[in-house]
Amino acid sequence: MLYKQSIDTNSERYFFLANKRISKKGFLVKAKVNSKLFAGEILGKLYDCMMAEAVDLQNEYETFHNDEYPTFEEFLEKKYVLRKKRILIIKRYLSCNRNLRILCRPAHAYDYAAERLVFYDKLSPMFIGLVMGRRKYENKNRFRNE
Amino acid sequence: MKIKTDFVTNSSSTSFIVITESAKVFSRDSFLQAVGVDKESVFIELFDTLYESLESSMEPFRDACMHHRWNKDSNCEKFVVDIFGQGLWDKILLAEKEGKTVWMGSLSSDQTEIESFFCVLPFRINDKAFYIDATNDGW
């Protein structure tokens with residue numbers, strides 16, 4: 001699951017789910033690349049690109065905003081301007097798997113070419129699928145504009 | 001005077017050198033094995049595309065170098081030393097002396113997202129069967 005949201009004309013951010021039990025090392029294992037060789041180095045860099053400046057929203061809510069917003073859903077709706085429909089989908093994912101977390105990452109936070117590959121290219125569902133811990137990957141609707 | 005009001009884009013290409021044991025040794029299988037990707041990997045396309053981008057642009061080094069648009073003096077030594085460094089020039093001379101094959105090619109930022117990514121990424125791949133120096137890559 002990957003949503004891209006335009007904040008204003010010049011800035012965007014991504015929302016995606018990641019499984020907290022999948023580390024960078026685990027990602028490389030699931031990607032079936034040798035972490036000591038070139039493929040491992042490249043995919044490690046792309047993993048870092050995904051996670052660069054990504055904020056765990058549940059953690060942010062519980063640490064800083066639970067006085068301000070009575071529920072996590074309200075926090076997502078009011079602070080991150082996510083639509084209710086999206087919030088329901090996110091909530092459904094989170095309730096199905098307690099290891100999943102919803103991350104928010106600003107666009108243009110890292111290497112531009114790497115970001116294009118991870119969030120725009122047809123390989124994007126593979127990246128999202130692997131960090132979510134999925135066995136199958138979405139091939140269509142790779143991201144929805146928020 | 002013309003004023004462009006839409007997006008202004010910039011594209012580029014970067015050069016690389018490949019040294020192979022013989023003219024036929026740079027195969028897809030040897031490349032995928034050298035980079036360390038399993039053929040069952042969901043990211044196989046990433047490395048397949050890189051291989052195809054490299055392989056399809058490789059030309060015999062001396063010809064490619066002499067006619068390269070950046071090599072204004074038609075001097076291969078100066079050209080290689082300027083963009084890759086003395087170390088690679090020494091490696092090329094040694095490879096030619098040992099009967100290895102030296103190739104040159106370029107990656108473009110105008111092609112796929114994958115080629116564009118590798119076009120701006122400096123890298124070296126050192127394998128028993130081949131050596132790739134793409135350290136010229138990067139803006």
# chains A, B, ... in the order shown; residues from 1 in each chain; ligands from 1
>>> closest_atom_pairs(of="stretch 49-108 of chain B", to="stretch 119-123 of chain B", cutoff="9 Å", atoms="only C-alpha atoms", output="Markdown table")
| residue | atom | partner | partner_atom | distance |
| --- | --- | --- | --- | --- |
| B:Ser106 | CA | B:Cys119 | CA | 8.2 |
| B:Leu107 | CA | B:Cys119 | CA | 5.1 |
| B:Ser108 | CA | B:Cys119 | CA | 5.8 |
>>> write_last_selection(atoms="N, CA and C atoms", output="PDB file, in the first residue's frame")
ATOM      1  N   SER B 106      28.237   3.825 -22.709  1.00  0.00           N
ATOM      2  CA  SER B 106      27.666   4.896 -21.892  1.00  0.00           C
ATOM      3  C   SER B 106      26.247   4.556 -21.443  1.00  0.00           C
ATOM      4  N   LEU B 107      25.879   5.112 -20.326  1.00  0.00           N
ATOM      5  CA  LEU B 107      24.519   4.977 -19.802  1.00  0.00           C
ATOM      6  C   LEU B 107      23.854   6.348 -19.936  1.00  0.00           C
ATOM      7  N   SER B 108      22.560   6.321 -20.182  1.00  0.00           N
ATOM      8  CA  SER B 108      21.864   7.585 -20.405  1.00  0.00           C
ATOM      9  C   SER B 108      20.753   7.799 -19.378  1.00  0.00           C
TER      10      SER B 108
END
>>> closest_atom_pairs(of="chain B", to="chain A", cutoff="12 Å", atoms="only C-alpha atoms", output="Markdown table")
| residue | atom | partner | partner_atom | distance |
| --- | --- | --- | --- | --- |
| B:Phe31 | CA | A:Phe38 | CA | 10.6 |
| B:Leu32 | CA | A:Ala39 | CA | 8.7 |
| B:Gln33 | CA | A:Leu37 | CA | 9.7 |
| B:Ala34 | CA | A:Leu37 | CA | 7.7 |
| B:Val35 | CA | A:Phe38 | CA | 4.8 |
| B:Gly36 | CA | A:Asn34 | CA | 4.9 |
| B:Val37 | CA | A:Val33 | CA | 4.5 |
| B:Asp38 | CA | A:Lys32 | CA | 5.6 |
| B:Lys39 | CA | A:Lys32 | CA | 8.4 |
| B:Glu40 | CA | A:Lys32 | CA | 7.3 |
| B:Ser41 | CA | A:Lys32 | CA | 5.1 |
| B:Val42 | CA | A:Ala31 | CA | 6.3 |
| B:Phe43 | CA | A:Ala31 | CA | 6.8 |
| B:Ile44 | CA | A:Ala31 | CA | 9.2 |
| B:Glu45 | CA | A:Leu123 | CA | 8.3 |
| B:Leu46 | CA | A:Leu123 | CA | 8.0 |
| B:Phe47 | CA | A:Ala39 | CA | 7.7 |
| B:Asp48 | CA | A:Ala39 | CA | 11.2 |
| B:Thr49 | CA | A:Leu123 | CA | 11.9 |
| B:Leu50 | CA | A:Ala39 | CA | 11.0 |
| B:Ser109 | CA | A:Ala113 | CA | 9.4 |
| B:Asp110 | CA | A:Ala113 | CA | 12.0 |
| B:Thr112 | CA | A:Asp121 | CA | 8.9 |
| B:Glu113 | CA | A:Leu117 | CA | 6.1 |
| B:Ile114 | CA | A:Leu117 | CA | 6.7 |
| B:Glu115 | CA | A:Ala113 | CA | 9.7 |
| B:Ser116 | CA | A:Ala113 | CA | 6.9 |
| B:Phe117 | CA | A:Ala113 | CA | 4.9 |
| B:Phe118 | CA | A:Ala113 | CA | 8.4 |
| B:Cys119 | CA | A:Ala113 | CA | 9.1 |
| B:Val120 | CA | A:Ala113 | CA | 7.6 |
| B:Leu121 | CA | A:Ala113 | CA | 8.8 |
| B:Pro122 | CA | A:Ile42 | CA | 11.2 |
| B:Phe123 | CA | A:Phe38 | CA | 8.7 |
| B:Arg124 | CA | A:Phe38 | CA | 8.5 |
| B:Ile125 | CA | A:Phe38 | CA | 6.9 |
| B:Asn126 | CA | A:Phe38 | CA | 9.3 |
| B:Asp127 | CA | A:Leu37 | CA | 10.2 |
| B:Ile132 | CA | A:Phe38 | CA | 11.4 |
| B:Gly138 | CA | A:Ala113 | CA | 10.6 |
| B:Trp139 | CA | A:Ala113 | CA | 11.2 |
>>> residues_around(residues="A:Phe15", least_positions_apart="6", cutoff="7 Å", atoms="only C-alpha atoms", output="PyMOL selection string")
chain A and resi 2-4+102-105
>>> select_by_dssp(residues="chain A", states="helix (DSSP H, G or I)", output="number ranges by chain")
A: 24-30, 38-51, 57-65, 72-78, 84-96, 112-119, 124-132
>>> write_last_selection(atoms="C-alpha atoms", output="PDB file, in the first residue's frame")
ATOM      1  CA  LYS A  24      17.358  -4.078   6.182  1.00  0.00           C
ATOM      2  CA  LYS A  25      19.140  -7.411   6.498  1.00  0.00           C
ATOM      3  CA  GLY A  26      15.803  -9.266   6.288  1.00  0.00           C
ATOM      4  CA  PHE A  27      14.815  -7.190   3.277  1.00  0.00           C
ATOM      5  CA  LEU A  28      17.996  -8.236   1.452  1.00  0.00           C
ATOM      6  CA  VAL A  29      17.402 -11.881   2.331  1.00  0.00           C
ATOM      7  CA  LYS A  30      13.831 -11.714   1.013  1.00  0.00           C
ATOM      8  CA  PHE A  38      26.936  -5.325  -5.801  1.00  0.00           C
ATOM      9  CA  ALA A  39      23.236  -6.318  -5.852  1.00  0.00           C
ATOM     10  CA  GLY A  40      23.125  -6.235  -2.049  1.00  0.00           C
ATOM     11  CA  GLU A  41      24.852  -2.872  -1.977  1.00  0.00           C
ATOM     12  CA  ILE A  42      22.357  -1.409  -4.470  1.00  0.00           C
ATOM     13  CA  LEU A  43      19.255  -2.820  -2.807  1.00  0.00           C
ATOM     14  CA  GLY A  44      20.581  -1.726   0.580  1.00  0.00           C
ATOM     15  CA  LYS A  45      20.869   1.788  -0.804  1.00  0.00           C
ATOM     16  CA  LEU A  46      17.328   1.610  -2.184  1.00  0.00           C
ATOM     17  CA  TYR A  47      16.027   0.313   1.159  1.00  0.00           C
ATOM     18  CA  ASP A  48      17.736   3.257   2.879  1.00  0.00           C
ATOM     19  CA  CYS A  49      16.100   5.548   0.339  1.00  0.00           C
ATOM     20  CA  MET A  50      12.653   4.177   1.273  1.00  0.00           C
ATOM     21  CA  MET A  51      13.238   4.601   4.960  1.00  0.00           C
ATOM     22  CA  LEU A  57       2.931   7.705  12.587  1.00  0.00           C
ATOM     23  CA  GLN A  58       1.570   5.511  15.363  1.00  0.00           C
ATOM     24  CA  ASN A  59       4.702   6.152  17.374  1.00  0.00           C
ATOM     25  CA  GLU A  60       4.498   9.866  16.670  1.00  0.00           C
ATOM     26  CA  TYR A  61       0.864   9.899  17.762  1.00  0.00           C
ATOM     27  CA  GLU A  62       1.465   7.988  20.996  1.00  0.00           C
ATOM     28  CA  THR A  63       4.577   9.986  21.904  1.00  0.00           C
ATOM     29  CA  PHE A  64       3.507  13.514  21.048  1.00  0.00           C
ATOM     30  CA  HIS A  65      -0.128  13.888  20.075  1.00  0.00           C
ATOM     31  CA  PHE A  72      -5.168   7.792  16.025  1.00  0.00           C
ATOM     32  CA  GLU A  73      -7.717   8.041  13.207  1.00  0.00           C
ATOM     33  CA  GLU A  74      -8.446  11.648  14.067  1.00  0.00           C
ATOM     34  CA  PHE A  75      -4.726  12.353  14.191  1.00  0.00           C
ATOM     35  CA  LEU A  76      -4.310  10.918  10.666  1.00  0.00           C
ATOM     36  CA  GLU A  77      -7.265  12.863   9.401  1.00  0.00           C
ATOM     37  CA  LYS A  78      -6.459  16.230  10.947  1.00  0.00           C
ATOM     38  CA  LYS A  84     -11.451   8.806   5.870  1.00  0.00           C
ATOM     39  CA  LYS A  85     -11.564   6.091   3.219  1.00  0.00           C
ATOM     40  CA  ARG A  86      -7.771   5.810   3.298  1.00  0.00           C
ATOM     41  CA  ILE A  87      -7.732   5.805   7.081  1.00  0.00           C
ATOM     42  CA  LEU A  88     -10.162   2.893   7.118  1.00  0.00           C
ATOM     43  CA  ILE A  89      -7.920   0.933   4.772  1.00  0.00           C
ATOM     44  CA  ILE A  90      -4.848   1.716   6.882  1.00  0.00           C
ATOM     45  CA  LYS A  91      -6.725   0.746  10.044  1.00  0.00           C
ATOM     46  CA  ARG A  92      -7.788  -2.537   8.466  1.00  0.00           C
ATOM     47  CA  TYR A  93      -4.180  -3.391   7.587  1.00  0.00           C
ATOM     48  CA  LEU A  94      -2.929  -2.435  11.045  1.00  0.00           C
ATOM     49  CA  SER A  95      -5.603  -4.488  12.796  1.00  0.00           C
ATOM     50  CA  CYS A  96      -4.793  -7.570  10.693  1.00  0.00           C
ATOM     51  CA  TYR A 112      16.386  11.635  -6.496  1.00  0.00           C
ATOM     52  CA  ALA A 113      17.123   8.817  -8.973  1.00  0.00           C
ATOM     53  CA  ALA A 114      16.801   6.192  -6.216  1.00  0.00           C
ATOM     54  CA  GLU A 115      13.514   7.723  -5.088  1.00  0.00           C
ATOM     55  CA  ARG A 116      12.138   7.570  -8.633  1.00  0.00           C
ATOM     56  CA  LEU A 117      12.985   3.895  -8.770  1.00  0.00           C
ATOM     57  CA  VAL A 118      11.480   3.029  -5.387  1.00  0.00           C
ATOM     58  CA  PHE A 119       8.290   5.089  -5.549  1.00  0.00           C
ATOM     59  CA  SER A 124       7.741  -0.002  -6.735  1.00  0.00           C
ATOM     60  CA  PRO A 125       5.228  -2.762  -5.778  1.00  0.00           C
ATOM     61  CA  MET A 126       8.166  -5.082  -5.143  1.00  0.00           C
ATOM     62  CA  PHE A 127       9.719  -2.654  -2.663  1.00  0.00           C
ATOM     63  CA  ILE A 128       6.415  -2.001  -0.897  1.00  0.00           C
ATOM     64  CA  GLY A 129       5.505  -5.688  -0.915  1.00  0.00           C
ATOM     65  CA  LEU A 130       8.825  -6.733   0.596  1.00  0.00           C
ATOM     66  CA  VAL A 131       8.843  -4.204   3.420  1.00  0.00           C
ATOM     67  CA  MET A 132       5.266  -5.184   4.225  1.00  0.00           C
TER      68      MET A 132
END
>>> select_by_dssp(residues="stretch 19-123 of chain B", states="strand (DSSP E or B)", output="number ranges by chain")
B: 19-20, 37, 59-60, 101-108, 123
>>> residues_around(residues="B:Lys128", least_positions_apart="6", cutoff="10 Å", atoms="only C-alpha atoms", output="mmCIF file with C-alpha atoms, in the first residue's frame")
data_model
loop_
_atom_site.group_PDB
_atom_site.id
_atom_site.type_symbol
_atom_site.label_atom_id
_atom_site.label_comp_id
_atom_site.auth_asym_id
_atom_site.auth_seq_id
_atom_site.Cartn_x
_atom_site.Cartn_y
_atom_site.Cartn_z
ATOM 1 C CA THR B 20 36.733 -8.901 -20.127
ATOM 2 C CA GLU B 21 38.901 -11.987 -20.299
ATOM 3 C CA SER B 30 28.041 -14.361 -15.513
ATOM 4 C CA ALA B 34 28.915 -11.599 -10.251
#
>>> closest_residue(among="B:Asp63, B:Arg69, B:Lys91, B:Val18", to="B:Tyr51", atoms="only C-alpha atoms")
B:Val18
>>> atom_distance(atom1="atom CA of A:Leu82", atom2="atom CA of A:Tyr14")
11.3 Å
>>> closest_residue(among="B:Asn136, B:Ser57, B:Thr101, B:Gln111", to="B:Phe79", atoms="only C-alpha atoms")
B:Asn136
>>> atom_distance(atom1="atom CA of A:Asp67", atom2="atom CA of A:Arg21")
28.5 Å
>>> atom_distance(atom1="atom CA of B:Glu96", atom2="atom CA of B:Ser53")
24.0 Å
>>> decode(residues="stretch 92-104 of chain A", atoms="N, CA and C atoms", output="PDB file, in the first residue's frame")
ATOM      1  N   ARG A  92      -7.528  -1.118   8.737  1.00  0.00           N
ATOM      2  CA  ARG A  92      -7.788  -2.537   8.466  1.00  0.00           C
ATOM      3  C   ARG A  92      -6.463  -3.314   8.384  1.00  0.00           C
ATOM      4  N   TYR A  93      -5.504  -2.742   7.689  1.00  0.00           N
ATOM      5  CA  TYR A  93      -4.180  -3.391   7.587  1.00  0.00           C
ATOM      6  C   TYR A  93      -3.550  -3.531   8.981  1.00  0.00           C
ATOM      7  N   LEU A  94      -3.590  -2.430   9.735  1.00  0.00           N
ATOM      8  CA  LEU A  94      -2.929  -2.435  11.045  1.00  0.00           C
ATOM      9  C   LEU A  94      -3.598  -3.425  12.005  1.00  0.00           C
ATOM     10  N   SER A  95      -4.921  -3.569  11.885  1.00  0.00           N
ATOM     11  CA  SER A  95      -5.603  -4.488  12.796  1.00  0.00           C
ATOM     12  C   SER A  95      -5.370  -5.950  12.417  1.00  0.00           C
ATOM     13  N   CYS A  96      -5.042  -6.188  11.137  1.00  0.00           N
ATOM     14  CA  CYS A  96      -4.793  -7.570  10.693  1.00  0.00           C
ATOM     15  C   CYS A  96      -3.406  -8.058  11.096  1.00  0.00           C
ATOM     16  N   ASN A  97      -2.475  -7.140  11.196  1.00  0.00           N
ATOM     17  CA  ASN A  97      -1.099  -7.544  11.493  1.00  0.00           C
ATOM     18  C   ASN A  97      -0.473  -6.524  12.443  1.00  0.00           C
ATOM     19  N   ARG A  98      -0.263  -6.935  13.682  1.00  0.00           N
ATOM     20  CA  ARG A  98       0.235  -5.986  14.682  1.00  0.00           C
ATOM     21  C   ARG A  98       1.692  -5.561  14.436  1.00  0.00           C
ATOM     22  N   ASN A  99       2.372  -6.238  13.532  1.00  0.00           N
ATOM     23  CA  ASN A  99       3.751  -5.845  13.209  1.00  0.00           C
ATOM     24  C   ASN A  99       3.817  -4.753  12.139  1.00  0.00           C
ATOM     25  N   LEU A 100       2.673  -4.485  11.529  1.00  0.00           N
ATOM     26  CA  LEU A 100       2.674  -3.432  10.507  1.00  0.00           C
ATOM     27  C   LEU A 100       2.651  -2.056  11.146  1.00  0.00           C
ATOM     28  N   ARG A 101       3.285  -1.127  10.493  1.00  0.00           N
ATOM     29  CA  ARG A 101       3.230   0.268  10.954  1.00  0.00           C
ATOM     30  C   ARG A 101       3.055   1.152   9.718  1.00  0.00           C
ATOM     31  N   ILE A 102       2.426   2.277   9.946  1.00  0.00           N
ATOM     32  CA  ILE A 102       2.215   3.200   8.830  1.00  0.00           C
ATOM     33  C   ILE A 102       3.288   4.281   8.891  1.00  0.00           C
ATOM     34  N   LEU A 103       4.013   4.417   7.787  1.00  0.00           N
ATOM     35  CA  LEU A 103       5.109   5.382   7.752  1.00  0.00           C
ATOM     36  C   LEU A 103       4.764   6.535   6.807  1.00  0.00           C
ATOM     37  N   CYS A 104       5.285   7.676   7.143  1.00  0.00           N
ATOM     38  CA  CYS A 104       5.138   8.838   6.268  1.00  0.00           C
ATOM     39  C   CYS A 104       6.532   9.365   5.960  1.00  0.00           C
TER      40      CYS A 104
END
